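Trainee: Below is the structure I would like to discuss, written out as structure tokens.
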Amino acid sequence: IAFCNVTVTEYAGVRYRDYYGSPAVMLEAQLTAQEVAEERWGVGQFLRPHVDSPSCTFASYLGAPVVEPEEDEVPYLDAARPLLTEVTQTDRIRGGDPRREGWMARRWKAWQYYTARGYKVGLGGYDGGAVTAACEISGGQALAWFAESPEVAQRLLEVMVAATESLATFDASLRGGTYAGLSYTGDDFSGLLSPEMFRRFAVPCYQRLYAGQERRYMHSELLRAEHLRIARDEVGITEFHGAGCKNLTLAQMQEIMGNAFWTQLTPQEMQELEPDALDERIKELAGCGASHVQLYPGRGTPDRNMEAAIAAAKRECPGGPAW
């Protein structure tokens with residue numbers, strides 16, 4: 001079960017602004033949400049204390065401005081003020097010390113708080129999404145740059161990869177180890193590239209980021225079958241997180257990855273489907289050959305739907321809970 005910021009703040013009854021504004025509030029909210037999940041459905045083991053921040057954190061570390069709404073909404077990048085407006089403006093990218101730059105500085109503060117209270121957590125805040133990050137800091141213009149200025153755009157991706165490696169190296173040092181490549185990448189926007197451009201631009205990024213790792217777990221929601229085959233054959237991914245992949249069928253993922261892929265009951269399905277329909281959907285997911293079926297509740301998921309989804313997963317998934 002993927003419990004994240006949307007459910008943690010809902011179960012704990014706190015606003016995003018408060019949750020992200022104070023490490024103490026964040027930790028207390030996670031512990032409260034863990035208790036709620038355990039008391040209601042017996043699944044508190046899926047929710048563990050961790051340093052959290054919105055998905056715009058990596059882009060803000062690079063220098064992109066973030067909007068923190070007064071309303072109870074997740075902070076987001078300011079699309080009206082992209083960091084880059086020309087492909088040659090890489091000198092605007094900051095990066096540098098994660099203890100001081102953008103929302104990474106907030107993660108650092110939270111890491112210190114959690115560690116001081118005995119929680120062994122990583123810093124995180126990066127996921128190897130080089131194409132996604134390039135699009136985020138350019139307001140989407142990077143997609144055109146790949147076609148119009150491919151060599152310069154490729155250097156931009158190299159900057160994204162280098163920034164990721166720098167963060168991962170720092171994070172590894174906090175855990176008492178050394179950086180030896182990523183075992184996970186999440187790069188949703190790479191599926192917006194044609195398969196040929198995916199091979200030219202995205203694949204070298206992943207090859208560099210995964211170097212040294214046997215487990216190569218990828219999440220990318222916009223891939224098509226040809227992209228996934230390239231990722232398997234040329235990147236050597238060993239698992240694919242196929243959640244929300246609207247351009248891939250379950251049969252295609254099974255044909256390409258064998259059973260080395262995950263499926264997911266999405267937040268929209270968790271909220272909108274009737275319990276009987278949830279049963280049928282989980283039966284379909286559990287029988288498609290995937291290694292894991294993930295439930296992903298969002299804000300407003302009815303309790304009866306959570307109960308129905310958990311019951312169906314217990315009934316249909318022969319392996320039982322993964323944690």
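Chain identifiers are assigned as A, B, and so on, following the order in which chains appear in the structure tokens; residues are numbered from 1 within each chain, and ligands are numbered from 1 in order of appearance.
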Name all residues at most 9 Å from range 183-200 of chain A (count only C-alpha atoms; drop same-chain ones fewer than 2 positions away) and give them as a PyMOL selection string.

Mentor: chain A and resi 126-133+135+143+146-147+154+181+202-204+206+209-210+213-224+226-227+230-231+234

Trainee: Can you tell me which residues surround range 84-95 of chain A at a distance of at most 7 Å, considering only C-alpha atoms, apart from same-chain residues fewer than 4 positions away, and format the answer as a PDB file with C-alpha atoms, in the first residue's frame?

Mentor:
ATOM      1  CA  TYR A  61      17.476  22.475  -5.563  1.00  0.00           C
ATOM      2  CA  LEU A  62      18.573  23.423  -9.075  1.00  0.00           C
ATOM      3  CA  GLY A  63      17.144  26.915  -8.596  1.00  0.00           C
ATOM      4  CA  GLU A 101      19.720  25.031  -1.745  1.00  0.00           C
ATOM      5  CA  ILE A 137      13.149  23.722 -15.000  1.00  0.00           C
ATOM      6  CA  SER A 138      12.432  24.830 -18.580  1.00  0.00           C
ATOM      7  CA  TRP A 145      15.305  21.551 -27.502  1.00  0.00           C
ATOM      8  CA  VAL A 152      23.282  21.216 -26.281  1.00  0.00           C
ATOM      9  CA  ALA A 153      20.184  19.525 -24.833  1.00  0.00           C
ATOM     10  CA  LEU A 156      21.669  19.774 -20.128  1.00  0.00           C
ATOM     11  CA  ALA A 163      23.327  16.885  -9.831  1.00  0.00           C
TER      12      ALA A 163
END

Trainee: Within range 82-305 of chain A, find each residue whose DSSP state, derived from the backbone, is helix (DSSP H, G or I), and express the selection as a PyMOL selection string.

Mentor: chain A and resi 90-92+104-116+130-137+142-148+150-174+188-192+195-210+225-235+250-257+267-272+275-286+303-305

Trainee: Using only C-alpha atoms, which residues sit within 6 Å of range 282-297 of chain A once same-chain residues fewer than 5 positions away are excluded, as a list in words?

Mentor: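 Selected residues are Ile1, Ala2, Asn259, Ala260, Phe261, Trp262, Thr263, Gln264, Leu265, Thr266, Pro267, Met270, Glu316 and Cys317 of chain A.
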
Trainee: Those same residues - N, CA, C and O atoms - I'd like them written as a PDB file, in the first residue's frame.

Mentor:
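Ended up saving to part-v9.pdb:
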ATOM      1  N   ILE A   1       0.860  -1.183   0.000  1.00  0.00           N
ATOM      2  CA  ILE A   1       0.000   0.000   0.000  1.00  0.00           C
ATOM      3  C   ILE A   1       0.893   1.228   0.000  1.00  0.00           C
ATOM      4  O   ILE A   1       1.826   1.329   0.800  1.00  0.00           O
ATOM      5  N   ALA A   2       0.618   2.155  -0.918  1.00  0.00           N
ATOM      6  CA  ALA A   2       1.417   3.370  -1.033  1.00  0.00           C
ATOM      7  C   ALA A   2       0.729   4.506  -0.275  1.00  0.00           C
ATOM      8  O   ALA A   2      -0.120   5.213  -0.821  1.00  0.00           O
ATOM      9  N   ASN A 259       7.347 -11.572 -15.117  1.00  0.00           N
ATOM     10  CA  ASN A 259       6.598 -11.166 -13.917  1.00  0.00           C
ATOM     11  C   ASN A 259       7.299 -10.042 -13.158  1.00  0.00           C
ATOM     12  O   ASN A 259       6.897  -9.692 -12.047  1.00  0.00           O
ATOM     13  N   ALA A 260       8.337  -9.445 -13.753  1.00  0.00           N
ATOM     14  CA  ALA A 260       9.121  -8.415 -13.067  1.00  0.00           C
ATOM     15  C   ALA A 260       8.525  -7.023 -13.265  1.00  0.00           C
ATOM     16  O   ALA A 260       9.197  -6.090 -13.701  1.00  0.00           O
ATOM     17  N   PHE A 261       7.240  -6.898 -12.953  1.00  0.00           N
ATOM     18  CA  PHE A 261       6.599  -5.586 -13.020  1.00  0.00           C
ATOM     19  C   PHE A 261       5.530  -5.490 -11.940  1.00  0.00           C
ATOM     20  O   PHE A 261       5.034  -6.491 -11.431  1.00  0.00           O
ATOM     21  N   TRP A 262       5.224  -4.250 -11.575  1.00  0.00           N
ATOM     22  CA  TRP A 262       4.213  -3.945 -10.562  1.00  0.00           C
ATOM     23  C   TRP A 262       2.981  -3.354 -11.246  1.00  0.00           C
ATOM     24  O   TRP A 262       3.095  -2.663 -12.268  1.00  0.00           O
ATOM     25  N   THR A 263       1.831  -3.602 -10.653  1.00  0.00           N
ATOM     26  CA  THR A 263       0.601  -2.931 -11.078  1.00  0.00           C
ATOM     27  C   THR A 263       0.063  -2.124  -9.896  1.00  0.00           C
ATOM     28  O   THR A 263       0.504  -2.292  -8.757  1.00  0.00           O
ATOM     29  N   GLN A 264      -0.919  -1.274 -10.173  1.00  0.00           N
ATOM     30  CA  GLN A 264      -1.418  -0.401  -9.108  1.00  0.00           C
ATOM     31  C   GLN A 264      -2.897  -0.096  -9.286  1.00  0.00           C
ATOM     32  O   GLN A 264      -3.363   0.173 -10.397  1.00  0.00           O
ATOM     33  N   LEU A 265      -3.628  -0.130  -8.180  1.00  0.00           N
ATOM     34  CA  LEU A 265      -4.974   0.417  -8.117  1.00  0.00           C
ATOM     35  C   LEU A 265      -4.801   1.897  -7.812  1.00  0.00           C
ATOM     36  O   LEU A 265      -4.336   2.263  -6.733  1.00  0.00           O
ATOM     37  N   THR A 266      -5.119   2.762  -8.769  1.00  0.00           N
ATOM     38  CA  THR A 266      -4.774   4.179  -8.688  1.00  0.00           C
ATOM     39  C   THR A 266      -5.659   4.924  -7.689  1.00  0.00           C
ATOM     40  O   THR A 266      -6.734   4.448  -7.314  1.00  0.00           O
ATOM     41  N   PRO A 267      -5.236   6.122  -7.251  1.00  0.00           N
ATOM     42  CA  PRO A 267      -6.074   6.921  -6.346  1.00  0.00           C
ATOM     43  C   PRO A 267      -7.470   7.180  -6.911  1.00  0.00           C
ATOM     44  O   PRO A 267      -8.457   7.150  -6.158  1.00  0.00           O
ATOM     45  N   MET A 270      -9.420   3.999  -6.517  1.00  0.00           N
ATOM     46  CA  MET A 270      -9.707   3.779  -5.099  1.00  0.00           C
ATOM     47  C   MET A 270     -10.853   4.656  -4.621  1.00  0.00           C
ATOM     48  O   MET A 270     -11.648   4.255  -3.770  1.00  0.00           O
ATOM     49  N   GLU A 316      -6.973 -12.329  -3.393  1.00  0.00           N
ATOM     50  CA  GLU A 316      -6.540 -12.620  -4.760  1.00  0.00           C
ATOM     51  C   GLU A 316      -5.027 -12.730  -4.935  1.00  0.00           C
ATOM     52  O   GLU A 316      -4.565 -13.330  -5.893  1.00  0.00           O
ATOM     53  N   CYS A 317      -4.257 -12.126  -4.029  1.00  0.00           N
ATOM     54  CA  CYS A 317      -2.791 -12.127  -4.179  1.00  0.00           C
ATOM     55  C   CYS A 317      -2.192 -13.245  -3.335  1.00  0.00           C
ATOM     56  O   CYS A 317      -2.150 -13.139  -2.106  1.00  0.00           O
TER      57      CYS A 317
END

Trainee: As a ChimeraX atom specification, please: every residue in range 195-303 of chain A that DSSP puts in strand (DSSP E or B).

Mentor: /A:217-219,239-241,261-265,292-295

Trainee: Identify which of the residues A:Ile256, A:Cys205, A:Leu77, A:Ala308 lies closest to Arg281 in chain A, counting only C-alpha atoms when measuring atom-to-atom distances.

Mentor: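 Looking only at the distances to Arg281 in chain A, the closest residue turns out to be A:Ala308.
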
Trainee: I'd like the contact shell of range 171-177 of chain A - 7 Å cut-off, only C-alpha atoms, skipping same-chain residues fewer than 3 positions apart - returned as a list in words.

Mentor: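 The residues satisfying every condition are Gly122, Leu123, Gly124, Leu167 and Ala168 of chain A.
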
Trainee: Nearest to Asn305 in chain A: which of A:Val235, A:Ala211, A:Leu278, A:Leu250 is it, counting only C-alpha atoms?

Mentor: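 Ranked by minimum distance to Asn305 in chain A, first place goes to A:Leu278.
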
Trainee: Which neighbours of Thr301 in chain A fall inside 9 Å, counting only C-alpha atoms, when residues of the same chain fewer than 5 positions from it are skipped, and could you give them as a PyMOL selection string?

Mentor: chain A and resi 7+267-268+270-272+306

Trainee: Convert the current residue selection to file output with all heavy atoms, as a PDB file, in the first residue's frame.

Mentor:
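What ended up in result-v4.pdb:
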ATOM      1  N   THR A   7      -2.414  11.019   2.019  1.00  0.00           N
ATOM      2  CA  THR A   7      -3.113  10.267   3.059  1.00  0.00           C
ATOM      3  C   THR A   7      -2.566  10.564   4.439  1.00  0.00           C
ATOM      4  O   THR A   7      -3.325  10.621   5.414  1.00  0.00           O
ATOM      5  CB  THR A   7      -3.027   8.759   2.778  1.00  0.00           C
ATOM      6  OG1 THR A   7      -1.708   8.431   2.340  1.00  0.00           O
ATOM      7  CG2 THR A   7      -4.012   8.346   1.710  1.00  0.00           C
ATOM      8  N   PRO A 267      -5.236   6.122  -7.251  1.00  0.00           N
ATOM      9  CA  PRO A 267      -6.074   6.921  -6.346  1.00  0.00           C
ATOM     10  C   PRO A 267      -7.470   7.180  -6.911  1.00  0.00           C
ATOM     11  O   PRO A 267      -8.457   7.150  -6.158  1.00  0.00           O
ATOM     12  CB  PRO A 267      -5.279   8.221  -6.193  1.00  0.00           C
ATOM     13  CG  PRO A 267      -3.861   7.807  -6.396  1.00  0.00           C
ATOM     14  CD  PRO A 267      -3.906   6.741  -7.455  1.00  0.00           C
ATOM     15  N   GLN A 268      -7.566   7.437  -8.216  1.00  0.00           N
ATOM     16  CA  GLN A 268      -8.878   7.676  -8.820  1.00  0.00           C
ATOM     17  C   GLN A 268      -9.756   6.434  -8.718  1.00  0.00           C
ATOM     18  O   GLN A 268     -10.947   6.515  -8.373  1.00  0.00           O
ATOM     19  CB  GLN A 268      -8.724   8.087 -10.287  1.00  0.00           C
ATOM     20  CG  GLN A 268     -10.044   8.445 -10.956  1.00  0.00           C
ATOM     21  CD  GLN A 268      -9.858   8.941 -12.380  1.00  0.00           C
ATOM     22  OE1 GLN A 268      -8.750   8.981 -12.902  1.00  0.00           O
ATOM     23  NE2 GLN A 268     -10.950   9.335 -13.005  1.00  0.00           N
ATOM     24  N   MET A 270      -9.420   3.999  -6.517  1.00  0.00           N
ATOM     25  CA  MET A 270      -9.707   3.779  -5.099  1.00  0.00           C
ATOM     26  C   MET A 270     -10.853   4.656  -4.621  1.00  0.00           C
ATOM     27  O   MET A 270     -11.648   4.255  -3.770  1.00  0.00           O
ATOM     28  CB  MET A 270      -8.460   4.077  -4.256  1.00  0.00           C
ATOM     29  CG  MET A 270      -7.327   3.081  -4.409  1.00  0.00           C
ATOM     30  SD  MET A 270      -7.621   1.527  -3.534  1.00  0.00           S
ATOM     31  CE  MET A 270      -7.483   2.038  -1.822  1.00  0.00           C
ATOM     32  N   GLN A 271     -10.953   5.849  -5.179  1.00  0.00           N
ATOM     33  CA  GLN A 271     -11.980   6.783  -4.736  1.00  0.00           C
ATOM     34  C   GLN A 271     -13.314   6.555  -5.438  1.00  0.00           C
ATOM     35  O   GLN A 271     -14.377   6.647  -4.811  1.00  0.00           O
ATOM     36  CB  GLN A 271     -11.523   8.220  -4.978  1.00  0.00           C
ATOM     37  CG  GLN A 271     -12.516   9.268  -4.477  1.00  0.00           C
ATOM     38  CD  GLN A 271     -11.988  10.678  -4.634  1.00  0.00           C
ATOM     39  OE1 GLN A 271     -11.245  10.974  -5.554  1.00  0.00           O
ATOM     40  NE2 GLN A 271     -12.354  11.556  -3.718  1.00  0.00           N
ATOM     41  N   GLU A 272     -13.276   6.229  -6.728  1.00  0.00           N
ATOM     42  CA  GLU A 272     -14.495   6.277  -7.538  1.00  0.00           C
ATOM     43  C   GLU A 272     -15.176   4.940  -7.770  1.00  0.00           C
ATOM     44  O   GLU A 272     -16.400   4.902  -7.987  1.00  0.00           O
ATOM     45  CB  GLU A 272     -14.175   6.921  -8.892  1.00  0.00           C
ATOM     46  CG  GLU A 272     -13.720   8.376  -8.768  1.00  0.00           C
ATOM     47  CD  GLU A 272     -13.393   9.000 -10.103  1.00  0.00           C
ATOM     48  OE1 GLU A 272     -13.513   8.294 -11.141  1.00  0.00           O
ATOM     49  OE2 GLU A 272     -13.012  10.186 -10.122  1.00  0.00           O
ATOM     50  N   MET A 306     -11.420   1.289   0.976  1.00  0.00           N
ATOM     51  CA  MET A 306     -10.171   0.762   1.523  1.00  0.00           C
ATOM     52  C   MET A 306     -10.384  -0.656   2.036  1.00  0.00           C
ATOM     53  O   MET A 306      -9.587  -1.563   1.766  1.00  0.00           O
ATOM     54  CB  MET A 306      -9.667   1.654   2.654  1.00  0.00           C
ATOM     55  CG  MET A 306      -8.884   2.873   2.199  1.00  0.00           C
ATOM     56  SD  MET A 306      -7.268   2.449   1.462  1.00  0.00           S
ATOM     57  CE  MET A 306      -6.375   1.881   2.911  1.00  0.00           C
TER      58      MET A 306
END

Trainee: Using only C-alpha atoms, which residue out of A:Glu148, A:Glu38, A:Glu274, A:Glu28 lies closest to Val51 in chain A?

Mentor: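 Nearest candidate to Val51 in chain A out of A:Glu148, A:Glu38, A:Glu274, A:Glu28: A:Glu28.
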
Trainee: Contacts of Ser60 in chain A at 8 Å or less, counting only C-alpha atoms, minus same-chain residues fewer than 3 places along, as a list in words?

Mentor: Cys56, Thr57, Gly63, Ala64, Pro65, Val66, Leu77, Glu101, Gly102, Trp103 and Met104 of chain A

Trainee: Please write the residues from the selection above to a file, keeping N, CA, C and O atoms, as a short mmCIF file (atom, residue, chain, number, x, y, z; two decimals), in the first residue's frame.

Mentor:
data_model
loop_
_atom_site.label_atom_id
_atom_site.label_comp_id
_atom_site.auth_asym_id
_atom_site.auth_seq_id
_atom_site.Cartn_x
_atom_site.Cartn_y
_atom_site.Cartn_z
N CYS A 56 8.51 18.78 -6.37
CA CYS A 56 9.28 19.87 -6.97
C CYS A 56 10.62 20.09 -6.29
O CYS A 56 11.38 21.00 -6.66
N THR A 57 10.97 19.26 -5.32
CA THR A 57 12.17 19.50 -4.51
C THR A 57 13.45 19.51 -5.34
O THR A 57 14.29 20.40 -5.18
N GLY A 63 17.38 25.48 -8.54
CA GLY A 63 17.14 26.92 -8.60
C GLY A 63 15.77 27.33 -9.07
O GLY A 63 15.48 28.53 -9.16
N ALA A 64 14.90 26.38 -9.41
CA ALA A 64 13.56 26.71 -9.90
C ALA A 64 12.69 27.22 -8.75
O ALA A 64 12.71 26.66 -7.65
N PRO A 65 11.90 28.29 -8.99
CA PRO A 65 11.06 28.84 -7.92
C PRO A 65 9.84 27.97 -7.64
O PRO A 65 9.29 27.33 -8.54
N VAL A 66 9.44 27.93 -6.37
CA VAL A 66 8.33 27.10 -5.92
C VAL A 66 7.22 27.99 -5.37
O VAL A 66 7.47 28.99 -4.71
N LEU A 77 5.97 23.88 -8.67
CA LEU A 77 6.86 24.79 -9.37
C LEU A 77 6.08 25.94 -10.00
O LEU A 77 4.96 25.77 -10.47
N GLU A 101 20.39 24.69 -0.49
CA GLU A 101 19.72 25.03 -1.75
C GLU A 101 18.27 24.55 -1.79
O GLU A 101 17.98 23.36 -1.64
N GLY A 102 17.35 25.50 -2.02
CA GLY A 102 15.95 25.17 -2.27
C GLY A 102 15.32 24.32 -1.19
O GLY A 102 15.65 24.42 0.00
N TRP A 103 14.40 23.46 -1.62
CA TRP A 103 13.70 22.59 -0.67
C TRP A 103 14.56 21.44 -0.18
O TRP A 103 14.19 20.74 0.77
N MET A 104 15.72 21.22 -0.79
CA MET A 104 16.64 20.23 -0.24
C MET A 104 17.11 20.67 1.13
O MET A 104 17.37 19.84 2.01
#

Trainee: Taking into account only C-alpha atoms, which residue in the set A:Val43, A:Glu280, A:Gly300, A:Ala37 is nearest to Ala312 in chain A?

Mentor: A:Glu280

Trainee: What's the 8 Å shell around Asp52 in chain A, counting only C-alpha atoms, without same-chain residues fewer than 5 positions away, as a VMD selection string?

Mentor: chain A and resid 5 20 26 107 125

Trainee: Which one of A:Ala225, A:Val6, A:Leu273, A:Ile310 sits closest to Cys245 in chain A if you count only C-alpha atoms?

Mentor: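 So, comparing all the options, the nearest one is A:Ala225.
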
Trainee: Just how far from CA of Arg100 in chain A is CA of Val67 in chain A, in Å to one decimal?

Mentor: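 We find that CA of Val67 in chain A and CA of Arg100 in chain A lie 18.2 Å from each other.
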